file coords-v8.cif (mmCIF, C-alpha atoms and all ligand atoms)
data_protein
loop_
_atom_site.label_atom_id
_atom_site.label_comp_id
_atom_site.auth_asym_id
_atom_site.auth_seq_id
_atom_site.Cartn_x
_atom_site.Cartn_y
_atom_site.Cartn_z
CA MET B 240 106.77 -2.49 16.11
CA GLU B 241 104.27 -3.28 13.37
CA ARG B 242 102.10 -6.26 14.11
CA GLU B 243 100.25 -8.28 11.50
CA LEU B 244 96.68 -9.42 12.15
CA PHE B 245 97.56 -13.01 11.22
CA SER B 246 100.85 -13.22 13.10
CA THR B 247 101.35 -15.19 16.30
CA TRP B 248 101.58 -13.51 19.69
CA THR B 249 101.84 -14.67 23.26
CA ILE B 250 100.17 -14.18 26.62
CA GLY B 251 102.72 -15.43 29.13
CA SER B 252 103.99 -18.62 27.51
CA LEU B 253 100.73 -19.24 25.61
CA GLU B 254 101.22 -18.88 21.85
CA ILE B 255 98.17 -17.70 19.91
CA LYS B 256 97.97 -18.13 16.14
CA ASN B 257 96.54 -14.71 15.24
CA ARG B 258 95.52 -11.45 16.86
CA LEU B 259 91.76 -11.78 16.50
CA VAL B 260 89.99 -12.48 19.78
CA ARG B 261 86.38 -13.45 20.36
CA SER B 262 85.36 -11.16 23.21
CA ALA B 263 83.26 -12.79 25.93
CA THR B 264 79.68 -13.32 24.76
CA GLY B 265 77.16 -14.78 27.18
CA GLU B 266 75.11 -17.05 24.92
CA ARG B 267 72.23 -17.61 27.34
CA ASN B 268 71.60 -21.15 26.12
CA ALA B 269 73.36 -23.33 28.69
CA GLU B 270 71.32 -25.75 30.78
CA ALA B 271 69.35 -24.29 33.71
CA THR B 272 72.04 -25.82 35.95
CA GLY B 273 74.77 -23.85 34.13
CA GLU B 274 76.05 -26.94 32.35
CA VAL B 275 77.17 -27.07 28.73
CA ASN B 276 74.75 -28.60 26.22
CA ASP B 277 75.12 -29.47 22.52
CA GLU B 278 73.93 -26.03 21.34
CA ILE B 279 76.53 -24.16 23.31
CA ALA B 280 79.29 -26.66 22.48
CA ASN B 281 78.45 -26.18 18.81
CA ILE B 282 78.85 -22.39 19.04
CA TYR B 283 82.45 -22.86 20.22
CA LYS B 284 83.19 -25.51 17.58
CA THR B 285 81.94 -23.18 14.83
CA LEU B 286 83.92 -20.24 16.20
CA ALA B 287 87.15 -22.25 16.34
CA GLU B 288 86.58 -23.61 12.84
CA GLY B 289 86.10 -20.01 11.71
CA GLY B 290 89.77 -19.30 12.36
CA ILE B 291 89.74 -17.11 15.49
CA GLY B 292 93.02 -17.07 17.45
CA LEU B 293 91.67 -16.76 20.97
CA ILE B 294 88.16 -17.37 22.30
CA ILE B 295 86.92 -15.92 25.57
CA THR B 296 83.75 -17.69 26.72
CA GLY B 297 80.63 -15.96 27.92
CA HIS B 298 80.89 -15.18 31.62
CA ALA B 299 80.48 -18.22 33.84
CA PHE B 300 79.17 -17.72 37.37
CA VAL B 301 81.53 -18.72 40.19
CA SER B 302 78.75 -19.24 42.76
CA PRO B 303 74.98 -19.83 42.53
CA ASP B 304 74.20 -16.41 44.06
CA GLY B 305 76.34 -14.70 41.38
CA ARG B 306 74.47 -16.00 38.33
CA THR B 307 73.00 -13.18 36.25
CA LYS B 308 70.69 -14.85 33.73
CA GLU B 309 69.00 -18.12 32.91
CA GLY B 310 71.08 -19.98 30.36
CA GLN B 311 74.37 -18.58 31.67
CA LEU B 312 77.32 -20.94 31.85
CA GLY B 313 78.34 -22.08 35.33
CA ILE B 314 81.72 -22.90 36.88
CA HIS B 315 80.39 -22.98 40.43
CA ASP B 316 80.51 -26.76 40.84
CA ASP B 317 82.61 -29.72 39.75
CA TYR B 318 79.67 -31.01 37.72
CA CYS B 319 80.36 -28.22 35.19
CA ILE B 320 83.82 -29.58 34.34
CA ASP B 321 82.79 -32.39 31.95
CA GLY B 322 80.91 -30.21 29.48
CA LEU B 323 83.57 -27.52 29.54
CA THR B 324 86.22 -30.18 28.86
CA LYS B 325 84.42 -31.00 25.60
CA ILE B 326 84.45 -27.32 24.58
CA ALA B 327 88.17 -26.90 25.33
CA GLY B 328 88.96 -30.11 23.40
CA THR B 329 87.03 -29.09 20.27
CA VAL B 330 88.51 -25.60 20.27
CA HIS B 331 92.06 -26.91 20.62
CA ALA B 332 91.44 -29.41 17.81
CA SER B 333 90.99 -26.45 15.44
CA GLY B 334 94.15 -24.73 16.69
CA SER B 335 92.47 -21.92 18.65
CA ARG B 336 93.05 -21.05 22.31
CA ILE B 337 90.32 -20.60 24.89
CA LEU B 338 89.92 -18.73 28.20
CA LEU B 339 86.95 -19.12 30.53
CA GLN B 340 85.52 -15.80 31.67
CA ILE B 341 84.61 -16.05 35.37
CA SER B 342 82.23 -13.68 37.10
CA HIS B 343 79.95 -12.82 39.95
CA GLY B 344 76.94 -10.69 39.03
CA GLY B 345 76.91 -8.61 42.23
CA SER B 346 73.86 -6.35 42.36
CA ARG B 347 72.91 -7.53 38.86
CA SER B 348 72.56 -11.16 39.92
CA GLN B 349 69.60 -13.43 39.36
CA PRO B 350 70.64 -16.37 41.55
CA LEU B 351 70.54 -19.94 40.28
CA GLY B 352 67.10 -21.40 40.81
CA THR B 353 65.29 -18.07 40.39
CA LYS B 354 63.57 -16.73 37.31
CA GLY B 355 63.11 -13.10 36.25
CA ASN B 356 62.59 -10.70 39.11
CA THR B 357 63.30 -12.20 42.48
CA ASP B 358 62.41 -11.19 46.00
CA ARG B 359 65.75 -12.35 47.35
CA ALA B 360 68.06 -9.62 48.58
CA ILE B 361 70.66 -9.13 45.87
CA LYS B 362 73.98 -7.85 47.16
CA GLY B 363 76.42 -5.38 45.62
CA ALA B 364 79.96 -4.36 46.65
CA ASN B 365 78.77 -2.43 49.70
CA ASP B 366 76.63 -5.21 51.10
CA PHE B 367 78.98 -8.15 51.62
CA SER B 368 80.49 -8.92 55.03
CA LEU B 369 84.23 -9.58 55.32
CA LYS B 370 83.48 -13.28 55.73
CA GLU B 371 81.37 -13.27 52.56
CA ILE B 372 84.13 -11.45 50.65
CA GLU B 373 86.57 -14.16 51.70
CA LYS B 374 84.12 -16.72 50.28
CA ILE B 375 83.83 -14.78 47.00
CA ARG B 376 87.64 -14.73 46.73
CA SER B 377 87.87 -18.47 47.26
CA ASN B 378 85.02 -19.11 44.78
CA PHE B 379 86.94 -17.29 42.02
CA ILE B 380 90.08 -19.27 42.83
CA THR B 381 88.25 -22.60 42.80
CA ALA B 382 86.55 -21.64 39.54
CA ALA B 383 89.94 -21.01 37.90
CA ALA B 384 91.21 -24.37 39.13
CA ARG B 385 88.12 -26.03 37.59
CA ALA B 386 88.80 -24.26 34.29
CA GLU B 387 92.33 -25.65 34.30
CA LYS B 388 90.97 -29.14 35.03
CA ALA B 389 88.64 -28.74 32.03
CA GLY B 390 91.67 -28.07 29.79
CA PHE B 391 91.26 -24.31 29.31
CA ASP B 392 94.37 -22.27 28.54
CA GLY B 393 93.52 -19.75 31.22
CA ILE B 394 90.78 -17.56 32.62
CA GLN B 395 89.57 -14.01 32.19
CA ILE B 396 88.29 -12.38 35.37
CA HIS B 397 85.21 -10.28 34.56
CA GLY B 398 86.18 -6.96 36.15
CA ALA B 399 84.03 -4.77 33.89
CA HIS B 400 80.46 -3.69 33.08
CA ARG B 401 79.27 -3.21 36.69
CA TYR B 402 79.21 -6.80 37.72
CA LEU B 403 80.50 -7.46 41.23
CA LEU B 404 84.25 -6.97 40.78
CA SER B 405 83.83 -3.73 38.85
CA GLU B 406 81.43 -2.59 41.56
CA PHE B 407 84.33 -3.03 44.00
CA LEU B 408 86.67 -1.10 41.67
CA SER B 409 84.37 1.88 41.13
CA PRO B 410 84.05 4.69 43.72
CA VAL B 411 80.48 5.15 42.44
CA THR B 412 79.38 1.73 43.69
CA ASN B 413 81.97 1.05 46.39
CA THR B 414 81.57 3.42 49.34
CA ARG B 415 82.76 0.96 51.98
CA ASN B 416 84.88 2.33 54.79
CA ASP B 417 86.73 -0.86 55.66
CA GLU B 418 89.80 -2.43 54.03
CA TYR B 419 87.79 -3.07 50.83
CA GLY B 420 86.82 0.60 50.38
CA GLY B 421 88.72 3.45 48.69
CA ARG B 422 91.03 3.02 45.70
CA ASN B 423 93.40 0.57 47.36
CA GLY B 424 90.56 -1.31 48.99
CA GLY B 425 88.67 -1.46 45.70
CA THR B 426 91.51 -3.30 43.97
CA ARG B 427 92.32 -5.49 46.99
CA LEU B 428 89.75 -8.20 46.30
CA ILE B 429 90.86 -8.61 42.67
CA LYS B 430 94.55 -8.58 43.61
CA ASP B 431 93.88 -11.31 46.19
CA ILE B 432 91.91 -13.31 43.63
CA ILE B 433 94.79 -13.06 41.12
CA LYS B 434 97.38 -14.06 43.73
CA GLY B 435 95.21 -16.95 44.91
CA ILE B 436 94.65 -18.21 41.37
CA ARG B 437 98.37 -17.94 40.57
CA SER B 438 99.26 -20.11 43.52
CA SER B 439 96.65 -22.77 42.75
CA VAL B 440 97.14 -23.29 38.98
CA SER B 441 100.16 -24.37 36.96
CA GLU B 442 102.66 -21.81 35.69
CA GLY B 443 101.57 -21.81 32.05
CA PHE B 444 97.88 -21.20 32.85
CA VAL B 445 97.15 -17.59 31.90
CA VAL B 446 95.36 -15.15 34.16
CA THR B 447 93.75 -12.18 32.46
CA ILE B 448 91.10 -9.58 33.26
CA LYS B 449 88.54 -7.45 31.40
CA VAL B 450 88.18 -3.96 32.87
CA GLY B 451 86.80 -0.63 31.72
CA THR B 452 86.52 3.01 32.57
CA ASP B 453 83.32 4.30 34.16
CA ILE B 454 80.96 6.55 32.26
CA ASP B 455 79.98 8.38 35.45
CA GLU B 456 82.17 11.46 35.89
CA ASN B 457 82.81 10.53 39.53
CA GLY B 458 83.91 7.07 38.47
CA ASN B 459 87.21 5.61 37.31
CA ASN B 460 88.96 7.43 34.48
CA GLN B 461 91.77 6.03 32.36
CA ASN B 462 94.43 6.90 34.93
CA ASP B 463 92.50 5.21 37.75
CA LEU B 464 92.25 2.19 35.50
CA LEU B 465 96.00 2.27 34.82
CA LEU B 466 96.77 2.31 38.57
CA SER B 467 94.54 -0.71 39.15
CA ILE B 468 96.09 -2.61 36.24
CA GLU B 469 99.58 -1.89 37.61
CA ASP B 470 98.49 -3.41 40.93
CA PHE B 471 97.04 -6.45 39.16
CA ILE B 472 100.28 -6.98 37.23
CA LYS B 473 102.22 -7.01 40.50
CA ALA B 474 99.79 -9.69 41.73
CA GLY B 475 100.52 -11.88 38.68
CA LEU B 476 98.22 -10.74 35.83
CA ASP B 477 99.26 -11.79 32.29
CA CYS B 478 97.03 -9.68 30.01
CA VAL B 479 94.20 -7.11 30.09
CA GLU B 480 91.22 -6.47 27.79
CA ILE B 481 89.97 -2.88 27.73
CA SER B 482 86.22 -2.17 27.65
CA LYS B 483 83.95 0.54 29.09
CA GLY B 484 80.82 1.30 31.07
CA ILE B 485 77.80 -0.60 32.23
CA ALA B 486 76.45 -3.39 30.02
CA PRO B 487 74.22 -3.44 28.12
CA LEU B 488 73.94 0.33 28.11
CA ASP B 489 75.23 2.23 25.12
CA SER B 490 78.75 2.78 26.47
CA THR B 491 79.59 -0.95 26.47
CA VAL B 492 77.70 -2.28 23.47
CA LYS B 493 77.42 0.81 21.26
CA GLU B 494 74.89 0.84 18.46
CA LYS B 495 75.17 2.07 14.87
CA ILE B 496 78.89 1.46 14.38
CA LYS B 497 79.89 2.23 10.79
CA PRO B 498 83.12 0.83 9.31
CA HIS B 499 85.82 3.53 8.98
CA ILE B 500 83.56 6.15 10.61
CA ASN B 501 83.07 5.48 14.31
CA GLU B 502 84.84 2.19 15.02
CA ALA B 503 87.01 1.18 18.00
CA TYR B 504 85.36 3.28 20.70
CA ASN B 505 87.66 2.08 23.50
CA LEU B 506 90.90 2.58 21.60
CA ASP B 507 91.81 5.90 23.29
CA VAL B 508 91.83 4.28 26.73
CA ALA B 509 93.63 1.16 25.48
CA LEU B 510 96.36 3.36 23.94
CA TYR B 511 96.68 5.35 27.16
CA ILE B 512 97.31 2.10 29.06
CA LYS B 513 99.64 0.83 26.32
CA ASN B 514 101.71 4.01 26.37
CA HIS B 515 102.32 3.50 30.09
CA LEU B 516 102.77 -0.28 29.92
CA PRO B 517 104.40 -0.83 26.52
CA ASP B 518 105.51 -4.41 27.22
CA PHE B 519 102.26 -5.67 28.72
CA PRO B 520 99.78 -7.57 26.45
CA ILE B 521 96.69 -5.46 25.82
CA ILE B 522 93.52 -6.43 23.96
CA VAL B 523 90.96 -3.81 22.94
CA VAL B 524 87.26 -4.48 22.31
CA GLY B 525 84.36 -2.32 21.17
CA GLY B 526 83.07 -1.53 17.70
CA ILE B 527 85.88 -2.98 15.58
CA ARG B 528 84.34 -3.79 12.22
CA SER B 529 86.92 -3.49 9.42
CA ILE B 530 90.21 -5.19 8.75
CA GLU B 531 91.83 -1.79 8.10
CA THR B 532 90.85 -0.55 11.57
CA ALA B 533 92.04 -3.80 13.15
CA GLU B 534 95.39 -3.49 11.35
CA ASP B 535 95.70 0.16 12.32
CA ILE B 536 95.08 -0.68 16.00
CA LEU B 537 97.87 -3.25 15.92
CA ARG B 538 100.17 -0.76 14.16
CA GLN B 539 99.65 1.56 17.14
CA GLY B 540 101.03 -1.12 19.47
CA ILE B 541 97.93 -2.87 20.83
CA ASN B 542 98.59 -6.63 20.88
CA ALA B 543 95.21 -7.98 19.75
CA VAL B 544 91.69 -6.88 18.79
CA ALA B 545 88.52 -8.43 20.17
CA LEU B 546 85.12 -8.69 18.51
CA CYS B 547 81.79 -9.78 19.90
CA ARG B 548 78.72 -8.98 17.77
CA PRO B 549 80.41 -9.43 14.37
CA LEU B 550 81.18 -13.05 15.30
CA ILE B 551 77.57 -13.75 16.30
CA MET B 552 76.62 -12.90 12.73
CA GLU B 553 79.74 -14.29 11.00
CA PRO B 554 81.64 -16.79 13.14
CA ASP B 555 83.96 -17.41 10.16
CA LEU B 556 84.90 -13.73 9.74
CA PRO B 557 88.57 -14.45 10.64
CA TYR B 558 88.83 -16.94 7.76
CA ARG B 559 87.12 -14.53 5.39
CA TRP B 560 89.68 -11.83 6.21
CA MET B 561 92.54 -14.30 6.15
CA GLU B 562 91.51 -15.35 2.64
CA ASN B 563 91.75 -11.73 1.60
CA ASP B 564 88.03 -10.96 1.43
CA ARG B 565 88.59 -7.59 3.07
CA ARG B 566 84.97 -6.44 3.21
CA PRO B 567 84.02 -5.23 6.71
CA ALA B 568 81.98 -7.31 9.13
CA THR B 569 78.35 -7.44 8.03
CA CYS B 570 77.12 -6.78 11.61
CA ILE B 571 75.18 -3.51 11.71
CA SER B 572 75.57 -3.11 15.49
CA CYS B 573 71.83 -3.04 16.15
CA ALA B 574 72.51 -4.72 19.53
CA ARG B 575 69.30 -6.74 19.29
CA CYS B 576 71.44 -9.79 20.14
CA ILE B 577 71.89 -8.47 23.66
CA MET B 578 68.64 -6.55 24.09
CA GLU B 579 66.20 -9.32 23.22
CA ASN B 580 65.43 -12.13 25.66
CA GLY B 581 66.31 -15.78 25.17
CA PRO B 582 69.36 -17.41 23.62
CA VAL B 583 71.65 -14.95 21.88
CA ILE B 584 71.25 -14.98 18.10
CA CYS B 585 71.78 -12.50 15.28
CA HIS B 586 68.22 -11.33 14.54
CA ILE B 587 69.25 -9.76 11.23
CA LYS B 588 70.73 -13.02 10.00
CA LYS B 589 67.58 -14.87 11.09
CA ALA B 590 65.37 -12.41 9.18
CA LEU B 591 67.56 -12.66 6.06
CA LYS B 592 67.21 -16.45 6.09
CA LYS B 593 63.39 -16.26 5.99
C1 LIG B 601 75.03 -10.73 23.30
C2 LIG B 601 76.20 -10.17 24.07
C3 LIG B 601 76.67 -10.84 25.19
C4 LIG B 601 77.77 -10.34 25.90
N1 LIG B 601 78.26 -11.05 26.96
C5 LIG B 601 79.38 -10.62 27.60
C6 LIG B 601 79.98 -11.40 28.63
O1 LIG B 601 79.53 -12.49 28.97
N2 LIG B 601 81.09 -10.89 29.22
C7 LIG B 601 81.65 -9.70 28.84
O2 LIG B 601 82.68 -9.30 29.39
N3 LIG B 601 81.11 -8.95 27.85
C8 LIG B 601 80.02 -9.39 27.22
N4 LIG B 601 79.50 -8.66 26.18
C9 LIG B 601 80.21 -7.44 25.74
C10 LIG B 601 81.16 -7.79 24.58
O3 LIG B 601 82.16 -8.70 24.98
C11 LIG B 601 81.86 -6.54 24.01
O4 LIG B 601 82.62 -5.94 25.05
C12 LIG B 601 80.88 -5.52 23.42
O5 LIG B 601 79.81 -6.16 22.75
C13 LIG B 601 81.57 -4.58 22.41
O6 LIG B 601 82.15 -5.30 21.36
P1 LIG B 601 81.48 -5.40 19.86
O7 LIG B 601 81.29 -3.99 19.40
O8 LIG B 601 82.50 -6.15 19.05
O9 LIG B 601 80.19 -6.12 20.02
C14 LIG B 601 78.38 -9.13 25.48
C15 LIG B 601 77.88 -8.45 24.38
C16 LIG B 601 76.82 -8.95 23.66
C17 LIG B 601 76.35 -8.22 22.43
#

call {"tool": "encode", "arguments": {"input": "coords-v8.cif", "output": "structure tokens"}}
result
Amino acid sequence: MERELFSTWTIGSLEIKNRLVRSATGERNAEATGEVNDEIANIYKTLAEGGIGLIITGHAFVSPDGRTKEGQLGIHDDYCIDGLTKIAGTVHASGSRILLQISHGGSRSQPLGTKGNTDRAIKGANDFSLKEIEKIRSNFITAAARAEKAGFDGIQIHGAHRYLLSEFLSPVTNTRNDEYGGRNGGTRLIKDIIKGIRSSVSEGFVVTIKVGTDIDENGNNQNDLLLSIEDFIKAGLDCVEISKGIAPLDSTVKEKIKPHINEAYNLDVALYIKNHLPDFPIIVVGGIRSIETAEDILRQGINAVALCRPLIMEPDLPYRWMENDRRPATCISCARCIMENGPVICHIKKALKK
């Protein structure tokens, strides 16, 4: 079936006005407590006014020990709900939908209250006790319930890029020999999180995940990924976004993407999953820069395309394309937005303004 970029589609019962998705982008300008401030609220207002169908927020930490960077959004405490409610309200006012991405940083954490390098022992998938894993599970479930309270349309579990949940999924980082080890054990925690969220939120609230293949040859390939996704669907998953690798290394946020030349670097894996799960909603992210490529991806059966860096530079790109200005995104994929410290901005745009 041919799908148009500006046609509606659904995740569960959630109708979305077009097939352009803002992939999760940690803005690094929230309050030190993880709360929303005017700057961050304004980013979401501008994005929604720019015509995007679905927004996925930057990853929000589900517990203080799972924060990864200063300025990251939090969903670890009820005090975060008020600010997030404002974001959801503004986004809905412009007709866009919004999911909160929820995460635990695992071995990449920089716990709340710490700055830069920390002496505290940072734990990865192998290091948590069964009791601690139970706490992590319940923190994700509580975070999703908070997102629903704040008026979000659903959540996206961050299961990619070597944060904690992808550490559990990958045989490279998960060498446990208890019920959370091995392929089945690796997916267990996420399955339990999905089931727990499903039973604590209302029926229409959508539960999605972002996952990716490993770049390590001993890691998960596309078939391993498919098997995990099948398990997650049985647990109640509504949609998956396909990514790759370890952020911010080159496999996740690839540099030097040229329109029509080397776009859509995760499409092969997304199509592999789609071919096996034709009726399941699949979003693909990674190096999509031209409207022709986006349209071609949809023609091949993928349900929606996600963009990150192009929307940092041009938050109104969806409107531009909708109004038939078909020039590619102006983002040159330098990746300075993620590499440089401080709040995320487009450094090229800043230099052009000078
Ligand atoms: C500044 C920046 C922040 C990002 N933050 C997140 C994040 O919070 N969660 C996530 O899953 N991916 C994050 N990513 C990865 C993007 O969502 C996306 O997968 C990647 O950039 C490839 O898409 P693109 O080529 O359209 O930029 C981030 C990327 C950038 C550049």

call {"tool": "residues_around", "arguments": {"input": "coords-v8.cif", "residues": "stretch 505-514 of chain B", "least_positions_apart": "6", "cutoff": "7 Å", "atoms": "only C-alpha atoms", "output": "short mmCIF file (atom, residue, chain, number, x, y, z; two decimals) with C-alpha atoms, in the frame of the given file"}}
result
data_model
loop_
_atom_site.label_atom_id
_atom_site.label_comp_id
_atom_site.auth_asym_id
_atom_site.auth_seq_id
_atom_site.Cartn_x
_atom_site.Cartn_y
_atom_site.Cartn_z
CA GLN B 461 91.77 6.03 32.36
CA LEU B 465 96.00 2.27 34.82
CA ILE B 481 89.97 -2.88 27.73
CA SER B 482 86.22 -2.17 27.65
CA LYS B 483 83.95 0.54 29.09
CA ILE B 521 96.69 -5.46 25.82
CA VAL B 523 90.96 -3.81 22.94
CA VAL B 524 87.26 -4.48 22.31
CA GLY B 525 84.36 -2.32 21.17
CA ILE B 541 97.93 -2.87 20.83
#

call {"tool": "residues_near_ligand", "arguments": {"input": "coords-v8.cif", "ligand": "ligand LIG 601 (chain B)", "cutoff": "8 Å", "atoms": "all atoms listed in the file", "output": "count of residues only"}}
result
44

call {"tool": "closest_residue", "arguments": {"input": "coords-v8.cif", "among": "B:Gly424, B:Gly363, B:Gly310, B:Gly458", "to": "B:Glu278", "atoms": "only C-alpha atoms"}}
result
B:Gly310

call {"tool": "closest_residue", "arguments": {"input": "coords-v8.cif", "among": "B:Pro303, B:Gly292, B:Pro498, B:Gly251", "to": "B:Ala543", "atoms": "only C-alpha atoms"}}
result
B:Gly292

call {"tool": "residues_near_point", "arguments": {"input": "coords-v8.cif", "point": "(99.2, -13.7, 47.3)", "cutoff": "12 Å", "atoms": "all atoms listed in the file", "output": "list in words"}}
result
Arg376, Ile380, Arg427, Leu428, Ile429, Lys430, Asp431, Ile432, Ile433, Lys434, Gly435, Ile436, Arg437, Ser438, Ser439, Phe471, Lys473, Ala474, Gly475 and Leu476 of chain B

call {"tool": "closest_residue", "arguments": {"input": "coords-v8.cif", "among": "B:Val275, B:Ile341, B:Leu591, B:Ile485", "to": "B:Asn378", "atoms": "all atoms listed in the file"}}
result
B:Ile341

call {"tool": "closest_residue", "arguments": {"input": "coords-v8.cif", "among": "B:Ala287, B:Leu323, B:Ile372, B:Met561", "to": "B:Phe391", "atoms": "all atoms listed in the file"}}
result
B:Leu323

call {"tool": "atom_distance", "arguments": {"input": "coords-v8.cif", "atom1": "atom CA of B:Ala389", "atom2": "atom CA of B:Ala332"}}
result
14.5 Å

call {"tool": "closest_residue", "arguments": {"input": "coords-v8.cif", "among": "B:Ile295, B:Cys585, B:Asn459, B:Glu254", "to": "B:Cys573", "atoms": "all atoms listed in the file"}}
result
B:Cys585

call {"tool": "residues_near_point", "arguments": {"input": "coords-v8.cif", "point": "(90.7, -26.8, 24.4)", "cutoff": "12 Å", "atoms": "only C-alpha atoms", "output": "number ranges by chain"}}
result
B: 280, 283-284, 287, 293-296, 322-339, 386-393

call {"tool": "write_last_selection", "arguments": {"input": "coords-v8.cif", "atoms": "C-alpha atoms", "output": "compact mmCIF listing (two decimals), in the coordinates of the input"}}
result
# COMPACT_ATOMS: atom_id res chain seq x y z
CA ALA B 280 79.29 -26.66 22.48
CA TYR B 283 82.45 -22.86 20.22
CA LYS B 284 83.19 -25.51 17.58
CA ALA B 287 87.15 -22.25 16.34
CA LEU B 293 91.67 -16.76 20.97
CA ILE B 294 88.16 -17.37 22.30
CA ILE B 295 86.92 -15.92 25.57
CA THR B 296 83.75 -17.69 26.72
CA GLY B 322 80.91 -30.21 29.48
CA LEU B 323 83.57 -27.52 29.54
CA THR B 324 86.22 -30.18 28.86
CA LYS B 325 84.42 -31.00 25.60
CA ILE B 326 84.45 -27.32 24.58
CA ALA B 327 88.17 -26.90 25.33
CA GLY B 328 88.96 -30.11 23.40
CA THR B 329 87.03 -29.09 20.27
CA VAL B 330 88.51 -25.60 20.27
CA HIS B 331 92.06 -26.91 20.62
CA ALA B 332 91.44 -29.41 17.81
CA SER B 333 90.99 -26.45 15.44
CA GLY B 334 94.15 -24.73 16.69
CA SER B 335 92.47 -21.92 18.65
CA ARG B 336 93.05 -21.05 22.31
CA ILE B 337 90.32 -20.60 24.89
CA LEU B 338 89.92 -18.73 28.20
CA LEU B 339 86.95 -19.12 30.53
CA ALA B 386 88.80 -24.26 34.29
CA GLU B 387 92.33 -25.65 34.30
CA LYS B 388 90.97 -29.14 35.03
CA ALA B 389 88.64 -28.74 32.03
CA GLY B 390 91.67 -28.07 29.79
CA PHE B 391 91.26 -24.31 29.31
CA ASP B 392 94.37 -22.27 28.54
CA GLY B 393 93.52 -19.75 31.22

call {"tool": "atom_distance", "arguments": {"input": "coords-v8.cif", "atom1": "atom CA of B:Ala269", "atom2": "atom CA of B:Ala383"}}
result
19.1 Å

call {"tool": "closest_residue", "arguments": {"input": "coords-v8.cif", "among": "B:Leu351, B:Leu369, B:Ile291, B:Ile279", "to": "B:Glu418", "atoms": "only C-alpha atoms"}}
result
B:Leu369

call {"tool": "atom_distance", "arguments": {"input": "coords-v8.cif", "atom1": "atom CA of B:Thr249", "atom2": "atom CA of B:Ile522"}}
result
11.7 Å

call {"tool": "residues_around", "arguments": {"input": "coords-v8.cif", "residues": "B:Asp477", "least_positions_apart": "6", "cutoff": "8 Å", "atoms": "only C-alpha atoms", "output": "list of chain:residue names"}}
result
B:Ile250, B:Gly251, B:Val445, B:Val446, B:Thr447, B:Phe519, B:Pro520

call {"tool": "residues_around", "arguments": {"input": "coords-v8.cif", "residues": "B:Glu406", "least_positions_apart": "2", "cutoff": "12 Å", "atoms": "all atoms listed in the file", "output": "count of residues only"}}
result
45

call {"tool": "axis_aligned_box", "arguments": {"input": "coords-v8.cif", "around": "stretch 571-589 of chain B", "padding_each_side": "6 Å", "output": "AutoDock Vina command-line options"}}
result
--center_x 70.5 --center_y -10.2 --center_z 17.8 --size_x 22.1 --size_y 26.4 --size_z 27.7
